Each structure stands twice: as structure tokens, then as C-alpha cells.
Amino acid sequence: MNVEAMYQEIILDHYKHPRGRHLLDAPEGESYQVNPTCGDEVTVQVRRDAEGHLHVGYEGQGCSISQASASVMSEMVEGMDVANADAVRHAFVEMMHSKGAGEPDEDVLGDGVAFIGVAKYPARIKCALLPWMALQDAQVKAGIPSGEEGAGR
């Protein structure tokens, strides 16, 4: 099996068997995002526990790329400290803007590396980024540090 086929299998597996697909009982922040181009929708909720670990839940509908990306995002950042979750989000966003060039760090991105092929298609980049942008927005709304100030800590 070639790498591209393996990546497609990972995306399909996350689409068919989503991880972390639920809303939180007591979210601190929530973001609803829509990709009007193709109709993808996602709601991401976050909260931080006493130890500073991030908890994420989501619901959504749309194409396999947006929904698989939400599953990967949820699985990857659930339970991470905020700084590491931000580093993962930043690495994913960077990869999606790479136009498919470069070598994504599998140690940082895990199953997220499967989306490197999606980065070659500008029309699909927004699909893959939708849940990650909702995560960042939900963190901001919750007052949980996010964005560039959280990367690299």
C-alpha cells in the first residue's frame, strides 16, 4: 500500500468511526463554524481542567475531510496541556498551508499527517481547517490562551 492510499484510509476511518464526537457537559467556550462553499458545519466546545489540560468535544456534519479532521483534532488534543495543544494546532495549520510540500512531523501530528495530500487542493483546505479554527475560536471565547502566543511554549 502506498503512502497516499494509507492516508486516504486514515481519513476514511476517522470519518466512519469518529473519535471525540460529543458535546461537553460544562464547556467554557464554544465555536460554531460553517464553510459556506460546501456546507460543512462544526461546533467545537472546550474546557480546561484544574491541571490545565484541555478537554474538547464537537458535533458536525459535512464532507469526509471536515468530519475526519474534527475527529483527528479531538483525538489529538484531548487531555493535552494548552501549550502542546496549541503547538499541534499550529503545526496542522502550517501543514495545510504548505500546498502539500514539505515533511509534516508525524510525532507532532499523528494521524493529522494524513491531510498532507488535502493541502494540495485549495478548495479542500478550508474543509480540513474548519474544526481547527473552531478550536482556536472556542479557546479564545473561553479565555484559554490560544494562537501564536501559545505556540512554542
# chains A, B, ... in the order shown; residues from 1 in each chain; ligands from 1
>>> closest_atom_pairs(of="stretch 35-66 of chain A", to="stretch 110-127 of chain A", cutoff="8 Å", atoms="only C-alpha atoms", output="Markdown table")
| residue | atom | partner | partner_atom | distance |
| --- | --- | --- | --- | --- |
| A:Asn35 | CA | A:Cys127 | CA | 7.0 |
| A:Asp40 | CA | A:Cys127 | CA | 7.0 |
| A:Cys63 | CA | A:Cys127 | CA | 7.6 |
| A:Ile65 | CA | A:Cys127 | CA | 6.1 |
| A:Ser66 | CA | A:Cys127 | CA | 4.6 |
>>> residues_around(residues="A:Gln139", least_positions_apart="6", cutoff="12 Å", atoms="only C-alpha atoms", output="count of residues only")
24
>>> select_by_dssp(residues="stretch 7-135 of chain A", states="helix (DSSP H, G or I)", output="ChimeraX atom specification")
/A:7-16,64-77,82-96,106-116,118-120,122-135
>>> atom_distance(atom1="atom CA of A:Tyr32", atom2="atom CA of A:Ile10")
25.2 Å
>>> residues_around(residues="stretch 71-75 of chain A", least_positions_apart="5", cutoff="6 Å", atoms="only C-alpha atoms", output="list in words")
His14, Pro18, Arg19 and Gly20 of chain A
>>> write_last_selection(atoms="N, CA and C atoms", output="PDB file, in the first residue's frame")
ATOM      1  N   HIS A  14     -11.410   7.791  10.231  1.00  0.00           N
ATOM      2  CA  HIS A  14     -11.863   8.837  11.159  1.00  0.00           C
ATOM      3  C   HIS A  14     -13.257   9.342  10.786  1.00  0.00           C
ATOM      4  N   PRO A  18     -15.798   8.235  14.039  1.00  0.00           N
ATOM      5  CA  PRO A  18     -15.280   9.464  14.636  1.00  0.00           C
ATOM      6  C   PRO A  18     -14.916   9.299  16.109  1.00  0.00           C
ATOM      7  N   ARG A  19     -13.830   9.945  16.481  1.00  0.00           N
ATOM      8  CA  ARG A  19     -13.378   9.965  17.870  1.00  0.00           C
ATOM      9  C   ARG A  19     -13.749  11.310  18.488  1.00  0.00           C
ATOM     10  N   GLY A  20     -14.152  11.291  19.742  1.00  0.00           N
ATOM     11  CA  GLY A  20     -14.432  12.525  20.463  1.00  0.00           C
ATOM     12  C   GLY A  20     -15.671  13.269  20.025  1.00  0.00           C
TER      13      GLY A  20
END
>>> closest_residue(among="A:Val140, A:Ala87, A:Ala134, A:Ala68", to="A:Tyr15", atoms="only C-alpha atoms")
A:Ala68
>>> select_by_dssp(residues="stretch 55-153 of chain A", states="strand (DSSP E or B)", output="list in words")
His55, Val56, Gly57, Tyr58, Glu59, Gly60, Gln61 and Asp81 of chain A
>>> atom_distance(atom1="atom CA of A:Met76", atom2="atom CA of A:Arg21")
12.8 Å
